[in-house]
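Visitor: Dropping in final13.txt, with compact mmCIF, N, CA and C atoms.
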```
# COMPACT_ATOMS: atom_id res chain seq x y z
N MET A 186 -131.80 96.28 106.71
CA MET A 186 -132.61 97.48 106.58
C MET A 186 -131.68 98.71 106.58
N SER A 187 -132.24 99.82 106.14
CA SER A 187 -131.47 101.05 106.10
C SER A 187 -131.71 101.86 107.37
N MET A 188 -131.23 103.09 107.35
CA MET A 188 -131.41 103.99 108.48
C MET A 188 -132.90 104.20 108.75
N PRO A 189 -133.27 104.48 110.01
CA PRO A 189 -134.68 104.71 110.30
C PRO A 189 -135.25 105.84 109.45
N ALA A 190 -136.52 105.68 109.12
CA ALA A 190 -137.28 106.68 108.36
C ALA A 190 -136.68 106.95 106.98
N THR A 191 -136.06 105.94 106.40
CA THR A 191 -135.50 106.07 105.06
C THR A 191 -136.09 105.00 104.16
N PRO A 192 -136.73 105.40 103.07
CA PRO A 192 -137.24 104.39 102.14
C PRO A 192 -136.10 103.56 101.54
N LEU A 193 -136.38 102.30 101.30
CA LEU A 193 -135.37 101.42 100.71
C LEU A 193 -135.40 101.48 99.19
N GLN A 194 -134.23 101.39 98.61
CA GLN A 194 -134.13 101.25 97.16
C GLN A 194 -134.56 99.84 96.79
N ALA A 195 -135.01 99.67 95.56
CA ALA A 195 -135.53 98.37 95.11
C ALA A 195 -134.56 97.22 95.38
N ALA A 196 -133.29 97.42 95.14
CA ALA A 196 -132.30 96.35 95.32
C ALA A 196 -132.14 95.93 96.78
N LEU A 197 -132.55 96.79 97.72
CA LEU A 197 -132.39 96.50 99.14
C LEU A 197 -133.64 95.92 99.80
N ILE A 198 -134.72 95.79 99.04
CA ILE A 198 -135.94 95.21 99.59
C ILE A 198 -135.66 93.73 99.88
N PRO A 199 -135.88 93.29 101.13
CA PRO A 199 -135.55 91.90 101.45
C PRO A 199 -136.50 90.90 100.80
N ASP A 200 -135.93 89.76 100.41
CA ASP A 200 -136.70 88.64 99.91
C ASP A 200 -137.08 87.80 101.13
N CYS A 201 -138.36 87.80 101.46
CA CYS A 201 -138.84 87.10 102.65
C CYS A 201 -139.64 85.86 102.29
N THR A 202 -139.21 85.19 101.23
CA THR A 202 -139.89 83.97 100.81
C THR A 202 -139.87 82.94 101.94
N LYS A 203 -138.77 82.82 102.64
CA LYS A 203 -138.65 81.89 103.77
C LYS A 203 -139.12 82.59 105.04
N ALA A 204 -139.83 81.86 105.89
CA ALA A 204 -140.39 82.43 107.12
C ALA A 204 -139.32 83.06 108.00
N GLU A 205 -138.16 82.43 108.07
CA GLU A 205 -137.08 82.97 108.92
C GLU A 205 -136.65 84.35 108.42
N ALA A 206 -136.58 84.52 107.11
CA ALA A 206 -136.19 85.81 106.53
C ALA A 206 -137.25 86.86 106.83
N HIS A 207 -138.51 86.46 106.77
CA HIS A 207 -139.61 87.38 107.08
C HIS A 207 -139.52 87.86 108.53
N HIS A 208 -139.35 86.92 109.44
CA HIS A 208 -139.25 87.28 110.86
C HIS A 208 -138.05 88.18 111.13
N ALA A 209 -136.91 87.87 110.53
CA ALA A 209 -135.70 88.69 110.73
C ALA A 209 -135.89 90.09 110.17
N ALA A 210 -136.48 90.20 108.99
CA ALA A 210 -136.69 91.52 108.38
C ALA A 210 -137.69 92.34 109.18
N TYR A 211 -138.73 91.71 109.70
CA TYR A 211 -139.72 92.43 110.50
C TYR A 211 -139.10 92.90 111.82
N ARG A 212 -138.32 92.03 112.46
CA ARG A 212 -137.62 92.42 113.70
C ARG A 212 -136.70 93.59 113.43
N SER A 213 -135.98 93.56 112.32
CA SER A 213 -135.07 94.64 111.96
C SER A 213 -135.84 95.95 111.76
N ALA A 214 -136.98 95.89 111.09
CA ALA A 214 -137.79 97.09 110.89
C ALA A 214 -138.24 97.66 112.22
N LYS A 215 -138.72 96.80 113.12
CA LYS A 215 -139.16 97.27 114.45
C LYS A 215 -138.00 97.87 115.22
N THR A 216 -136.86 97.22 115.19
CA THR A 216 -135.68 97.72 115.90
C THR A 216 -135.26 99.09 115.38
N ASN A 217 -135.38 99.28 114.07
CA ASN A 217 -134.99 100.55 113.44
C ASN A 217 -136.13 101.54 113.33
N ASP A 218 -137.28 101.22 113.94
CA ASP A 218 -138.46 102.08 113.89
C ASP A 218 -138.79 102.46 112.45
N ALA A 219 -138.79 101.44 111.59
CA ALA A 219 -138.97 101.64 110.16
C ALA A 219 -140.24 100.96 109.68
N ILE A 220 -140.75 101.39 108.56
CA ILE A 220 -141.87 100.71 107.91
C ILE A 220 -141.32 99.42 107.30
N PHE A 221 -141.95 98.31 107.63
CA PHE A 221 -141.54 97.01 107.10
C PHE A 221 -141.94 96.90 105.63
N VAL A 222 -141.04 96.37 104.83
CA VAL A 222 -141.32 96.09 103.42
C VAL A 222 -140.57 94.83 103.02
N CYS A 223 -141.21 94.02 102.18
CA CYS A 223 -140.52 92.84 101.66
C CYS A 223 -141.21 92.36 100.39
N ILE A 224 -140.54 91.47 99.71
CA ILE A 224 -141.13 90.72 98.60
C ILE A 224 -141.03 89.25 98.98
N ALA A 225 -141.88 88.42 98.38
CA ALA A 225 -141.81 86.99 98.63
C ALA A 225 -142.31 86.24 97.40
N ARG A 226 -141.62 85.18 97.08
CA ARG A 226 -142.02 84.33 95.95
C ARG A 226 -143.22 83.50 96.38
N GLN A 227 -144.22 83.44 95.49
CA GLN A 227 -145.37 82.57 95.69
C GLN A 227 -145.55 81.79 94.40
N GLY A 228 -145.05 80.58 94.39
CA GLY A 228 -145.05 79.79 93.16
C GLY A 228 -144.11 80.44 92.15
N ARG A 229 -144.63 80.76 90.98
CA ARG A 229 -143.80 81.42 89.96
C ARG A 229 -143.95 82.94 89.99
N ARG A 230 -144.74 83.44 90.90
CA ARG A 230 -144.98 84.89 90.97
C ARG A 230 -144.51 85.45 92.30
N TRP A 231 -144.66 86.77 92.45
CA TRP A 231 -144.13 87.48 93.62
C TRP A 231 -145.20 88.30 94.31
N LYS A 232 -145.03 88.45 95.62
CA LYS A 232 -145.92 89.25 96.46
C LYS A 232 -145.13 90.39 97.08
N VAL A 233 -145.80 91.51 97.32
CA VAL A 233 -145.21 92.66 98.01
C VAL A 233 -145.99 92.86 99.31
N GLU A 234 -145.27 93.10 100.41
CA GLU A 234 -145.90 93.40 101.70
C GLU A 234 -145.25 94.62 102.32
N LEU A 235 -146.07 95.50 102.88
CA LEU A 235 -145.59 96.62 103.67
C LEU A 235 -146.43 96.68 104.94
N ASP A 236 -145.80 97.02 106.06
CA ASP A 236 -146.50 97.11 107.33
C ASP A 236 -146.00 98.33 108.10
N ALA A 237 -146.83 99.35 108.17
CA ALA A 237 -146.46 100.58 108.86
C ALA A 237 -146.48 100.42 110.38
N MET A 238 -147.11 99.36 110.88
CA MET A 238 -147.18 99.15 112.32
C MET A 238 -145.82 98.79 112.93
N ALA A 239 -144.86 98.42 112.10
CA ALA A 239 -143.51 98.17 112.62
C ALA A 239 -142.88 99.46 113.09
N SER A 240 -143.35 100.58 112.59
CA SER A 240 -142.85 101.90 112.95
C SER A 240 -143.76 102.52 114.01
N SER A 241 -143.18 103.32 114.89
CA SER A 241 -143.98 103.98 115.92
C SER A 241 -144.59 105.30 115.42
N ARG A 242 -144.29 105.66 114.19
CA ARG A 242 -144.82 106.90 113.64
C ARG A 242 -146.32 106.77 113.39
N PRO A 243 -147.01 107.89 113.24
CA PRO A 243 -148.47 107.82 113.08
C PRO A 243 -148.89 107.10 111.80
N ILE A 244 -150.03 106.44 111.90
CA ILE A 244 -150.64 105.84 110.72
C ILE A 244 -151.15 106.98 109.85
N ILE A 245 -151.05 106.81 108.56
CA ILE A 245 -151.47 107.89 107.67
C ILE A 245 -153.00 107.99 107.64
N PRO A 246 -153.52 109.21 107.46
CA PRO A 246 -154.97 109.40 107.48
C PRO A 246 -155.64 108.86 106.22
N ASP A 247 -156.95 108.67 106.31
CA ASP A 247 -157.73 108.10 105.22
C ASP A 247 -157.57 108.81 103.87
N PRO A 248 -157.53 110.15 103.81
CA PRO A 248 -157.36 110.79 102.50
C PRO A 248 -156.05 110.37 101.81
N SER A 249 -155.00 110.15 102.60
CA SER A 249 -153.73 109.72 102.03
C SER A 249 -153.79 108.26 101.58
N VAL A 250 -154.54 107.46 102.33
CA VAL A 250 -154.71 106.05 101.95
C VAL A 250 -155.37 105.97 100.58
N LYS A 251 -156.26 106.89 100.29
CA LYS A 251 -156.95 106.90 98.99
C LYS A 251 -155.96 107.07 97.83
N VAL A 252 -154.89 107.81 98.05
CA VAL A 252 -153.85 107.96 97.02
C VAL A 252 -153.20 106.60 96.74
N LEU A 253 -152.87 105.89 97.81
CA LEU A 253 -152.27 104.56 97.66
C LEU A 253 -153.25 103.58 97.01
N GLN A 254 -154.52 103.65 97.41
CA GLN A 254 -155.53 102.77 96.81
C GLN A 254 -155.68 103.03 95.32
N SER A 255 -155.65 104.29 94.94
CA SER A 255 -155.76 104.65 93.53
C SER A 255 -154.60 104.07 92.72
N ALA A 256 -153.41 104.17 93.28
CA ALA A 256 -152.23 103.62 92.59
C ALA A 256 -152.34 102.11 92.48
N ALA A 257 -152.79 101.45 93.54
CA ALA A 257 -152.93 100.00 93.52
C ALA A 257 -154.01 99.57 92.51
N GLU A 258 -155.11 100.31 92.46
CA GLU A 258 -156.16 100.01 91.49
C GLU A 258 -155.63 100.12 90.06
N ALA A 259 -154.80 101.12 89.81
CA ALA A 259 -154.20 101.29 88.48
C ALA A 259 -153.33 100.08 88.13
N LEU A 260 -152.63 99.53 89.11
CA LEU A 260 -151.81 98.34 88.88
C LEU A 260 -152.68 97.12 88.54
N VAL A 261 -153.82 97.01 89.20
CA VAL A 261 -154.73 95.90 88.91
C VAL A 261 -155.32 96.06 87.51
N VAL A 262 -155.78 97.27 87.19
CA VAL A 262 -156.37 97.52 85.87
C VAL A 262 -155.35 97.25 84.76
N ALA A 263 -154.10 97.63 85.00
CA ALA A 263 -153.04 97.42 84.01
C ALA A 263 -152.60 95.96 83.91
N GLY A 264 -153.03 95.13 84.86
CA GLY A 264 -152.63 93.73 84.85
C GLY A 264 -151.28 93.46 85.48
N THR A 265 -150.71 94.47 86.13
CA THR A 265 -149.41 94.31 86.80
C THR A 265 -149.55 93.40 88.01
N VAL A 266 -150.68 93.51 88.71
CA VAL A 266 -150.99 92.64 89.84
C VAL A 266 -152.41 92.11 89.65
N THR A 267 -152.69 91.00 90.32
CA THR A 267 -154.04 90.46 90.24
C THR A 267 -154.90 90.91 91.39
N GLN A 268 -154.26 91.27 92.52
CA GLN A 268 -155.01 91.68 93.70
C GLN A 268 -154.14 92.59 94.56
N ALA A 269 -154.81 93.52 95.27
CA ALA A 269 -154.11 94.43 96.17
C ALA A 269 -155.02 94.75 97.36
N ASN A 270 -154.44 94.76 98.54
CA ASN A 270 -155.13 95.19 99.76
C ASN A 270 -154.37 96.38 100.31
N ILE A 271 -155.05 97.51 100.43
CA ILE A 271 -154.42 98.74 100.88
C ILE A 271 -155.17 99.27 102.08
N GLY A 272 -154.45 99.55 103.15
CA GLY A 272 -155.04 100.14 104.35
C GLY A 272 -154.10 101.18 104.92
N PRO A 273 -154.49 101.81 106.01
CA PRO A 273 -153.64 102.86 106.60
C PRO A 273 -152.36 102.32 107.24
N ASP A 274 -152.31 101.01 107.49
CA ASP A 274 -151.14 100.46 108.16
C ASP A 274 -150.55 99.23 107.47
N TYR A 275 -151.20 98.75 106.40
CA TYR A 275 -150.72 97.52 105.77
C TYR A 275 -151.05 97.54 104.28
N ILE A 276 -150.10 97.08 103.48
CA ILE A 276 -150.29 96.97 102.04
C ILE A 276 -149.80 95.59 101.61
N SER A 277 -150.60 94.91 100.80
CA SER A 277 -150.13 93.67 100.17
C SER A 277 -150.65 93.65 98.74
N MET A 278 -149.79 93.19 97.85
CA MET A 278 -150.15 93.09 96.43
C MET A 278 -149.52 91.82 95.87
N TRP A 279 -150.26 91.15 95.01
CA TRP A 279 -149.75 89.96 94.37
C TRP A 279 -150.46 89.76 93.06
N ALA A 280 -150.18 89.12 92.15
CA ALA A 280 -149.10 88.25 91.83
C ALA A 280 -148.28 88.91 90.70
N PHE A 281 -147.13 89.42 91.08
CA PHE A 281 -146.23 90.05 90.11
C PHE A 281 -145.55 88.98 89.27
N GLU A 282 -145.38 89.27 88.01
CA GLU A 282 -144.74 88.32 87.08
C GLU A 282 -143.25 88.15 87.38
N SER A 283 -142.59 89.24 87.84
CA SER A 283 -141.14 89.17 88.03
C SER A 283 -140.71 89.76 89.37
N GLU A 284 -139.60 89.27 89.85
CA GLU A 284 -139.00 89.81 91.08
C GLU A 284 -138.66 91.28 90.88
N GLU A 285 -138.13 91.62 89.73
CA GLU A 285 -137.74 93.00 89.44
C GLU A 285 -138.93 93.95 89.58
N LYS A 286 -140.08 93.60 89.01
CA LYS A 286 -141.27 94.45 89.09
C LYS A 286 -141.78 94.53 90.52
N ALA A 287 -141.74 93.42 91.25
CA ALA A 287 -142.16 93.42 92.65
C ALA A 287 -141.27 94.36 93.46
N ARG A 288 -139.97 94.31 93.23
CA ARG A 288 -139.04 95.20 93.95
C ARG A 288 -139.31 96.67 93.61
N GLU A 289 -139.53 96.94 92.33
CA GLU A 289 -139.80 98.32 91.89
C GLU A 289 -141.04 98.88 92.57
N ILE A 290 -142.11 98.12 92.57
CA ILE A 290 -143.37 98.57 93.18
C ILE A 290 -143.24 98.64 94.70
N ALA A 291 -142.57 97.67 95.32
CA ALA A 291 -142.36 97.70 96.77
C ALA A 291 -141.60 98.96 97.17
N ALA A 292 -140.56 99.30 96.44
CA ALA A 292 -139.77 100.50 96.74
C ALA A 292 -140.61 101.77 96.56
N ALA A 293 -141.43 101.80 95.53
CA ALA A 293 -142.26 102.99 95.28
C ALA A 293 -143.30 103.18 96.38
N PHE A 294 -143.97 102.10 96.78
CA PHE A 294 -144.97 102.22 97.84
C PHE A 294 -144.31 102.50 99.19
N HIS A 295 -143.11 101.94 99.41
CA HIS A 295 -142.38 102.21 100.65
C HIS A 295 -142.04 103.70 100.74
N ALA A 296 -141.55 104.26 99.65
CA ALA A 296 -141.24 105.70 99.62
C ALA A 296 -142.51 106.53 99.80
N ALA A 297 -143.60 106.11 99.17
CA ALA A 297 -144.86 106.85 99.29
C ALA A 297 -145.36 106.84 100.73
N LEU A 298 -145.30 105.68 101.39
CA LEU A 298 -145.73 105.61 102.79
C LEU A 298 -144.92 106.54 103.67
N TYR A 299 -143.59 106.53 103.48
CA TYR A 299 -142.74 107.43 104.26
C TYR A 299 -143.09 108.88 103.97
N GLY A 300 -143.27 109.22 102.71
CA GLY A 300 -143.59 110.59 102.35
C GLY A 300 -144.92 111.04 102.93
N LEU A 301 -145.93 110.19 102.85
CA LEU A 301 -147.25 110.53 103.39
C LEU A 301 -147.19 110.62 104.91
N GLN A 302 -146.41 109.74 105.54
CA GLN A 302 -146.24 109.80 106.99
C GLN A 302 -145.59 111.12 107.40
N GLN A 303 -144.51 111.48 106.69
CA GLN A 303 -143.79 112.72 107.00
C GLN A 303 -144.70 113.93 106.80
N LEU A 304 -145.49 113.92 105.75
CA LEU A 304 -146.42 115.03 105.49
C LEU A 304 -147.46 115.11 106.61
N HIS A 305 -147.97 113.97 107.05
CA HIS A 305 -148.96 113.95 108.13
C HIS A 305 -148.35 114.47 109.44
N ILE A 306 -147.10 114.13 109.70
CA ILE A 306 -146.43 114.62 110.91
C ILE A 306 -146.23 116.13 110.83
N ALA A 307 -145.79 116.61 109.66
CA ALA A 307 -145.51 118.04 109.49
C ALA A 307 -146.78 118.88 109.43
N VAL A 308 -147.83 118.33 108.83
CA VAL A 308 -149.07 119.08 108.64
C VAL A 308 -150.23 118.19 109.10
N PRO A 309 -150.41 118.05 110.40
CA PRO A 309 -151.50 117.20 110.88
C PRO A 309 -152.86 117.78 110.52
N SER A 310 -153.78 116.91 110.17
CA SER A 310 -155.12 117.36 109.80
C SER A 310 -155.96 117.56 111.04
N GLN A 311 -156.96 118.38 110.92
CA GLN A 311 -157.92 118.59 112.02
C GLN A 311 -158.69 117.30 112.25
N GLY A 312 -158.65 116.78 113.43
CA GLY A 312 -159.42 115.59 113.76
C GLY A 312 -158.86 114.32 113.13
N GLY A 313 -157.65 114.36 112.55
CA GLY A 313 -157.06 113.18 111.93
C GLY A 313 -156.57 112.19 112.94
N ARG A 314 -156.39 110.94 112.52
CA ARG A 314 -155.87 109.89 113.41
C ARG A 314 -154.37 110.03 113.52
N THR A 315 -153.85 109.70 114.66
CA THR A 315 -152.40 109.64 114.84
C THR A 315 -151.99 108.34 115.45
```
If you convert what's in this file into structure tokens, what do you get?

Guide:
Amino acid sequence: MSMPATPLQAALIPDCTKAEAHHAAYRSAKTNDAIFVCIARQGRRWKVELDAMASSRPIIPDPSVKVLQSAAEALVVAGTVTQANIGPDYISMWAFESEEKAREIAAAFHAALYGLQQLHIAVPSQGGRT
């Protein structure tokens, strides 16, 4: 993993196809107070996972989650993924045709989560969740 609170570049997103790799990457994210992100092979396709709960920073508020949901819906409509689950603390998307595309999308959503988190910290909403 990279420095805390730093989005990972696509090439640095860990491949957590094996359970041991997943556990090690998640432990590393928690140790570095970072948002967990990984890709994993599922048959001939790829899955993307992000988990903001690995970080102690606030969960992003619902209006920000809607931005992520909109982006994920666009990926489904375009046929880039077949399914996506987006929440304030967890994102999963599958089935990407290629590892390269999975890494690209994982890096983009990882950066978006960090950016939305930072914005929420800098400009907290009235009555928002933290």

Visitor: Of the residues A:Ala204, A:Ile271, A:Ala219, A:Ala195, which is the one nearest to Glu285 (chain A), using only N, CA and C atoms?

Guide: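 Once distances to Glu285 (chain A) are computed over only N, CA and C atoms, the minimum belongs to A:Ala195.
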
Visitor: For Ser283 (chain A), work out the shell of residues within 6.5 Å, counting all atoms listed in the file and skipping chain neighbours fewer than 5 positions away, then give it as a VMD selection string.

Guide: chain A and resid 230 to 231 288

Visitor: Please compute the atom N of Ser255 (chain A)-CA of Arg229 (chain A) distance, one decimal, in Å.

Guide: 26.2 Å

Visitor: DSSP on the backbone: which residues in region 187-276 of chain A end up as strand (DSSP E)? Give the answer as a list in words.

Guide: Phe221, Val222, Cys223, Ile224, Ala225, Arg226, Gln227, Arg230, Trp231, Lys232, Val233, Glu234, Leu235, Asp236, Gln268, Ala269, Asn270, Ile271, Tyr275 and Ile276 of chain A

Visitor: Kindly give the distance, in Å, that separates atom N of Ala269 (chain A) and atom N of Ile306 (chain A), rounded to a single decimal.

Guide: 26.3 Å

Visitor: Need the shell around Ala287 (chain A): protein/DNA/RNA residues with any atom at most 7 Å away, counting all atoms listed in the file. Skip same-chain ones fewer than 3 positions apart. Format as a list in words?

Guide: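 Residues near the query, excluding close chain neighbours: Ile224, Trp231, Lys232, Val233, Phe281, Glu282, Ser283, Glu284, Ile290, Ala291 and Ala292 of chain A.
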
Visitor: Excluding same-chain residues fewer than 3 positions from Pro273 (chain A), what lies within 7 Å of it counting all atoms listed in the file, as an MDAnalysis selection string?

Guide: chainID A and resid 237 244:247 250 276

Visitor: Suppose you want the space between CA of Leu197 (chain A) and CA of Ser277 (chain A); what is it in Å?

Guide: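 Distance reported for this atom pair: 18.0 Å.
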
Visitor: Taking only C-alpha atoms into account, name the residue in A:Met238, A:Ala297, A:Ala210, A:Val222 that is nearest to Leu253 (chain A).

Guide: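 Smallest distance to Leu253 (chain A) is found for A:Ala297.
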